[in-house]
Each structure stands twice: as structure tokens, then as C-alpha cells.
Amino acid sequence: MKPLPWLHPERAQALLRGLSERILIIDGAMGTMIQQHSLTEADYRGERFAEGFDRLYSPPAREHDGEHVHGEGCGCSRDQRGNNDLLTLTRPEIIAGIHREYLQAGADLVETNTFNSTTISLEDYGLEHLARELNFEGAKLARGVCDEIEALDPSRPRYVIGVLGPTSRTASLSPDVNRPGYRAISFDQLRAAYREAADGLIDGGADVLMVETIFDTLNAKAALFAVEEAFDARGARLPVMISGTITDASGRTLSGQTAEAFWYSVRHVQPTAIGLNCALGAKDLRVHVDVLAQIADSHISTHPNAGLPNAFGGYDETPEDMAAVLGEFARAGLLNLVGGCCGTSPAHIAAIAAAVQGVPPRQPLQLIDTAA
């Protein structure tokens, strides 16, 4: 069956050309940068949520059907500090500034501030009604900064990766040790949540969709199913990236898969790139990225943490440390895309970009059909 045409043919083809010519650079951690601003609860709430509810959804701000009427005592009254995705609406200048710093450091692709922007994850903050808006505005904000930087050098396109995070639930495992058959979420619930998020990202201007930090492959399958539904509804598609996470020294995801098993579970989607991120530092990810590079007929990506968390929850690997290790990845022919996850900063990304500059990209074992 012939794949759907590209939604944005020129940008998709430019991305694929770039992947064939050099190793492309993904940005670093959003949370690390946000922490530097020492934001308060008031910063997260901004004017819209300052009174403990969403002013745009409170009478008489507009007519409502009763589903999302907000006022005193609604879910928005919960503590919002740490809800980084909300800053897209309440402090967009901070998020735009972070995107800009990463692009100026050498990133070719920036990830939207939407890691937790599904109804499932937003339920923790009482903000489920914002799911589509956060994804739309997150992609739109990143798109604007990419366009700004690209205009300075039109020969170097900058791309928006629309991020679909893993959610706070797992479809494969029970959260209750006394009820091993219990599941806190179903496939269909995940699919519906991911579909809403994917639609927002696409409409907001994302160039790529990435299902990332996958600890449960069943969650990822629900996300990928929803993404395909979104593409089918438009009659066109975007490039898709898939990035799993190896949770510990066992070399497996939380749901028990090795990197090899993970690839074979998702390869039917024919992703533009498959990779690993988070949980471990670059050195510990080396063997698992190597496995993917040997078997995957797609491009390979990795954006690891700046080492393992220390006793204070921080990350100790310096830009020079990470660049040295990831530079070796590149020289070994393992990479097409590389960046950073938890604990990484623009300095890390600049060092990584310098370390892989001029190193030929990995040649996929067998490129998928990319005809429009």
C-alpha cells in the first residue's frame, strides 16, 4: 500500500536530504532551562489562572455547554508549580527564549514544550481541558522561533518536533502489586488522548511528530495508532520519530523489552527515525544504540541525559564529557540525529554539534519509500 503524501512536501524532503548529508542536531532539556528562572506559583499561573481557575472558561467570559465551566474550587485551583507545559500559555517568552538559545547553539530541530500535554497527564493538574490548546500553541510557538532563526540563514532549515510524551500511566503493567491484572489505563483511552494531542501539534505547525521517552511499548502503540488516524483524517502525513528509554542496567524498557525487541514492535510504522533517550547517560546507552544501528532500516537518533542523576537530583556530565562520548558514537557510524535530554543545556548542544560536525551520517540499512 502506497504511503500517504507528505503534508508539507518541501519541508519533509528537505529534512530527508539533511539526514542524508550530515548528522542533524536535536535540542536539549527544557526542564533544565526552566529551572534556571526560579519560577513561582504565580509565574506558572500568569494572569489567566491567577484566581485559581481558568478565566477563559469561566462565566461570563463566554458561552459554555457545561462541560468545562470554571470557577472557584475547580481543578485549576491545584498547585501548578512544576507544570512546565502550562508556561507555553502563561510565560511564552520564557519558552520561546529557550527554543532560541538551543537553535543559536546549533540545534536543527527543537522539541515542543508538550511532554505532558495529554488529558491523561494534565489530569494531575486539573487542566485536562487545555490538552489541544497546549499542543497547538506549543507547536505554534516553536514554529515561530524556528522561522525567525531560519530567516537569518535560509540555507539551513530549522524544524519543529511535536512531542508526544509517555503519560503518567502504563497500559502493560499494574500499579497495584496486589492486583496484577489491573490496569490504570486502556489502549482506547490512550489512543483518544494521543489523537487530541497529535491534532493540536499538526495544526500548530510541527514538521515532525515524535513519540518519546517510551517506557511501555503498548502506550507507544496507542500513540502511533492515534498519529496514523490523524494522518488518515488529513490524507497526508508528517515524518515520525520514535524514541524509547532503557530504564536501568538490565538493558530493557520498563515493560521488559530489549532495544532489539522494541524496534521489531514498532517497525511496521516505518518511522523516519528510531532511537533512545533519557534515563541513562550517553556512555550507558552506547551498546543499545549500537543494537538499533545494526538492525533498523530507518535513521537512528539518540538524546541521552547528562549522565545519571546525582544524590541531589542533578546531572554531572559536562558538555565536554557528553561531546566526547557522542562524538565516538558518530565516528562509529551509529548516528543520524543526536541531542540531549535531562540535565543538558545549550552549552551541551553546542559541544555535541561541534563533536559531530563533518562526521558522515549513518547510512540506513534500507531506506523506506519516501515518495510524496
# chains A, B, ... in the order shown; residues from 1 in each chain; ligands from 1
call {"tool": "residues_around", "arguments": {"residues": "Ser301 in chain A", "least_positions_apart": "6", "cutoff": "10 Å", "atoms": "only C-alpha atoms", "output": "list in words"}}
result
Ile23, Leu24, Ile25, Ile26, Met241, Ile242, Ser243, Thr272, Ala273, Ile274, Gly275, Leu276, Asn277, Val289, Leu292, Ala293, Leu334, Leu335, Asn336, Leu337, Val338 and Gly339 of chain A
call {"tool": "select_by_dssp", "arguments": {"residues": "range 115-268 of chain A", "states": "strand (DSSP E or B)", "output": "count of residues only"}}
result
19
call {"tool": "residues_around", "arguments": {"residues": "His99 in chain A", "least_positions_apart": "4", "cutoff": "10 Å", "atoms": "only C-alpha atoms", "output": "PyMOL selection string"}}
result
chain A and resi 27-28+30+33+93-95+103-105+107+109-113+141-146+160+346
call {"tool": "residues_around", "arguments": {"residues": "Asp203 in chain A", "least_positions_apart": "6", "cutoff": "10 Å", "atoms": "only C-alpha atoms", "output": "CSV table (one decimal) with C-alpha atoms, in the first residue's frame"}}
result
chain,number,residue,atom,x,y,z
A,132,ARG,CA,-5.4,20.5,22.5
A,135,ASN,CA,-0.2,21.2,21.8
A,136,PHE,CA,-1.4,23.7,19.2
A,137,GLU,CA,0.2,26.7,21.0
A,139,ALA,CA,3.9,23.9,18.1
A,140,LYS,CA,3.0,27.4,17.0
call {"tool": "closest_residue", "arguments": {"among": "A:Arg17, A:Arg169, A:His288, A:His37", "to": "Leu87 in chain A", "atoms": "only C-alpha atoms"}}
result
A:His37
call {"tool": "residues_around", "arguments": {"residues": "Asp85 in chain A", "least_positions_apart": "3", "cutoff": "8 Å", "atoms": "only C-alpha atoms", "output": "count of residues only"}}
result
7
call {"tool": "closest_residue", "arguments": {"among": "A:Lys283, A:Arg22, A:Arg11, A:His129", "to": "Glu196 in chain A", "atoms": "only C-alpha atoms"}}
result
A:His129
call {"tool": "closest_residue", "arguments": {"among": "A:Gly71, A:Gly244, A:Gly235, A:Gly333", "to": "Glu260 in chain A", "atoms": "only C-alpha atoms"}}
result
A:Gly244
call {"tool": "closest_residue", "arguments": {"among": "A:Asp216, A:Ala223, A:Leu173, A:Gly106", "to": "Asp188 in chain A", "atoms": "only C-alpha atoms"}}
result
A:Ala223
call {"tool": "atom_distance", "arguments": {"atom1": "CA of Ala323 in chain A", "atom2": "CA of Ala354 in chain A"}}
result
7.9 Å
call {"tool": "atom_distance", "arguments": {"atom1": "CA of Gly97 in chain A", "atom2": "CA of Ile202 in chain A"}}
result
22.0 Å
call {"tool": "atom_distance", "arguments": {"atom1": "CA of Cys74 in chain A", "atom2": "CA of Asp54 in chain A"}}
result
8.9 Å
call {"tool": "select_by_dssp", "arguments": {"residues": "range 218-328 of chain A", "states": "helix (DSSP H, G or I)", "output": "VMD selection string"}}
result
chain A and resid 218 to 234 259 to 269 282 to 295 319 to 328
call {"tool": "write_last_selection", "arguments": {"atoms": "N, CA and C atoms", "output": "compact mmCIF listing (two decimals), in the first residue's frame"}}
result
# COMPACT_ATOMS: atom_id res chain seq x y z
N LEU A 218 3.23 -0.65 24.71
CA LEU A 218 1.80 -0.61 24.43
C LEU A 218 1.30 0.83 24.42
N ASN A 219 1.80 1.65 25.32
CA ASN A 219 1.50 3.09 25.28
C ASN A 219 1.92 3.68 23.94
N ALA A 220 3.12 3.31 23.50
CA ALA A 220 3.64 3.83 22.24
C ALA A 220 2.78 3.38 21.06
N LYS A 221 2.32 2.15 21.09
CA LYS A 221 1.47 1.66 20.01
C LYS A 221 0.16 2.45 19.95
N ALA A 222 -0.37 2.80 21.11
CA ALA A 222 -1.58 3.62 21.14
C ALA A 222 -1.30 4.99 20.53
N ALA A 223 -0.15 5.56 20.88
CA ALA A 223 0.22 6.87 20.33
C ALA A 223 0.40 6.79 18.82
N LEU A 224 1.08 5.77 18.36
CA LEU A 224 1.34 5.63 16.93
C LEU A 224 0.06 5.36 16.15
N PHE A 225 -0.85 4.60 16.76
CA PHE A 225 -2.17 4.36 16.14
C PHE A 225 -2.91 5.68 15.99
N ALA A 226 -2.87 6.49 17.04
CA ALA A 226 -3.55 7.80 17.01
C ALA A 226 -2.93 8.72 15.97
N VAL A 227 -1.62 8.69 15.86
CA VAL A 227 -0.92 9.50 14.86
C VAL A 227 -1.35 9.09 13.45
N GLU A 228 -1.43 7.80 13.21
CA GLU A 228 -1.87 7.33 11.89
C GLU A 228 -3.33 7.74 11.62
N GLU A 229 -4.16 7.71 12.65
CA GLU A 229 -5.54 8.19 12.49
C GLU A 229 -5.56 9.66 12.10
N ALA A 230 -4.70 10.46 12.75
CA ALA A 230 -4.64 11.89 12.45
C ALA A 230 -4.17 12.11 11.02
N PHE A 231 -3.21 11.33 10.57
CA PHE A 231 -2.74 11.45 9.18
C PHE A 231 -3.83 11.05 8.20
N ASP A 232 -4.50 9.95 8.50
CA ASP A 232 -5.56 9.47 7.60
C ASP A 232 -6.66 10.52 7.45
N ALA A 233 -6.99 11.19 8.55
CA ALA A 233 -8.05 12.19 8.51
C ALA A 233 -7.69 13.36 7.60
N ARG A 234 -6.37 13.63 7.47
CA ARG A 234 -5.91 14.73 6.63
C ARG A 234 -5.56 14.27 5.21
N ALA A 259 16.29 -3.35 23.33
CA ALA A 259 16.24 -2.40 22.22
C ALA A 259 15.84 -3.11 20.93
N GLU A 260 16.34 -4.32 20.72
CA GLU A 260 16.00 -5.06 19.51
C GLU A 260 14.51 -5.40 19.46
N ALA A 261 13.96 -5.90 20.56
CA ALA A 261 12.54 -6.24 20.60
C ALA A 261 11.68 -4.99 20.41
N PHE A 262 12.13 -3.89 20.99
CA PHE A 262 11.41 -2.63 20.84
C PHE A 262 11.30 -2.24 19.36
N TRP A 263 12.41 -2.33 18.64
CA TRP A 263 12.39 -1.99 17.22
C TRP A 263 11.39 -2.85 16.46
N TYR A 264 11.44 -4.16 16.68
CA TYR A 264 10.56 -5.03 15.93
C TYR A 264 9.09 -4.86 16.31
N SER A 265 8.83 -4.26 17.45
CA SER A 265 7.45 -3.99 17.86
C SER A 265 6.85 -2.77 17.18
N VAL A 266 7.71 -1.86 16.71
CA VAL A 266 7.21 -0.60 16.14
C VAL A 266 7.63 -0.38 14.69
N ARG A 267 8.40 -1.26 14.11
CA ARG A 267 8.95 -1.02 12.77
C ARG A 267 7.86 -0.94 11.71
N HIS A 268 6.67 -1.53 11.99
CA HIS A 268 5.60 -1.51 10.99
C HIS A 268 5.15 -0.10 10.66
N VAL A 269 5.44 0.86 11.54
CA VAL A 269 5.05 2.26 11.31
C VAL A 269 5.96 2.90 10.25
N ALA A 282 24.99 8.99 28.03
CA ALA A 282 25.43 8.53 26.72
C ALA A 282 26.26 7.26 26.80
N LYS A 283 27.19 7.21 27.75
CA LYS A 283 28.08 6.06 27.85
C LYS A 283 27.30 4.77 28.05
N ASP A 284 26.27 4.80 28.89
CA ASP A 284 25.48 3.60 29.18
C ASP A 284 24.52 3.25 28.05
N LEU A 285 24.21 4.22 27.20
CA LEU A 285 23.31 3.95 26.07
C LEU A 285 24.05 3.37 24.86
N ARG A 286 25.35 3.46 24.86
CA ARG A 286 26.16 3.10 23.68
C ARG A 286 25.79 1.73 23.11
N VAL A 287 25.78 0.71 23.94
CA VAL A 287 25.54 -0.65 23.45
C VAL A 287 24.14 -0.80 22.86
N HIS A 288 23.16 -0.10 23.42
CA HIS A 288 21.78 -0.22 22.96
C HIS A 288 21.55 0.54 21.65
N VAL A 289 22.19 1.68 21.51
CA VAL A 289 22.12 2.41 20.24
C VAL A 289 22.81 1.59 19.15
N ASP A 290 23.90 0.95 19.52
CA ASP A 290 24.62 0.09 18.57
C ASP A 290 23.71 -1.02 18.03
N VAL A 291 22.92 -1.62 18.92
CA VAL A 291 21.99 -2.67 18.51
C VAL A 291 21.00 -2.14 17.48
N LEU A 292 20.41 -0.98 17.76
CA LEU A 292 19.45 -0.39 16.82
C LEU A 292 20.12 -0.09 15.48
N ALA A 293 21.34 0.41 15.53
CA ALA A 293 22.04 0.77 14.30
C ALA A 293 22.30 -0.45 13.42
N GLN A 294 22.43 -1.61 14.03
CA GLN A 294 22.70 -2.83 13.28
C GLN A 294 21.46 -3.43 12.62
N ILE A 295 20.27 -3.13 13.14
CA ILE A 295 19.07 -3.83 12.66
C ILE A 295 18.02 -2.93 12.04
N PRO A 319 29.47 19.48 29.23
CA PRO A 319 29.35 19.46 27.77
C PRO A 319 30.50 18.71 27.11
N GLU A 320 31.70 18.87 27.65
CA GLU A 320 32.87 18.20 27.07
C GLU A 320 32.77 16.69 27.25
N ASP A 321 32.28 16.24 28.41
CA ASP A 321 32.11 14.80 28.66
C ASP A 321 31.16 14.19 27.63
N MET A 322 29.98 14.79 27.51
CA MET A 322 28.98 14.26 26.59
C MET A 322 29.44 14.32 25.14
N ALA A 323 30.09 15.42 24.78
CA ALA A 323 30.53 15.57 23.40
C ALA A 323 31.56 14.51 23.03
N ALA A 324 32.45 14.18 23.95
CA ALA A 324 33.46 13.17 23.68
C ALA A 324 32.83 11.81 23.41
N VAL A 325 31.85 11.44 24.24
CA VAL A 325 31.20 10.14 24.09
C VAL A 325 30.35 10.10 22.82
N LEU A 326 29.54 11.11 22.60
CA LEU A 326 28.66 11.12 21.43
C LEU A 326 29.44 11.31 20.13
N GLY A 327 30.58 11.97 20.22
CA GLY A 327 31.44 12.07 19.05
C GLY A 327 31.93 10.69 18.62
N GLU A 328 32.21 9.83 19.60
CA GLU A 328 32.62 8.46 19.29
C GLU A 328 31.49 7.68 18.66
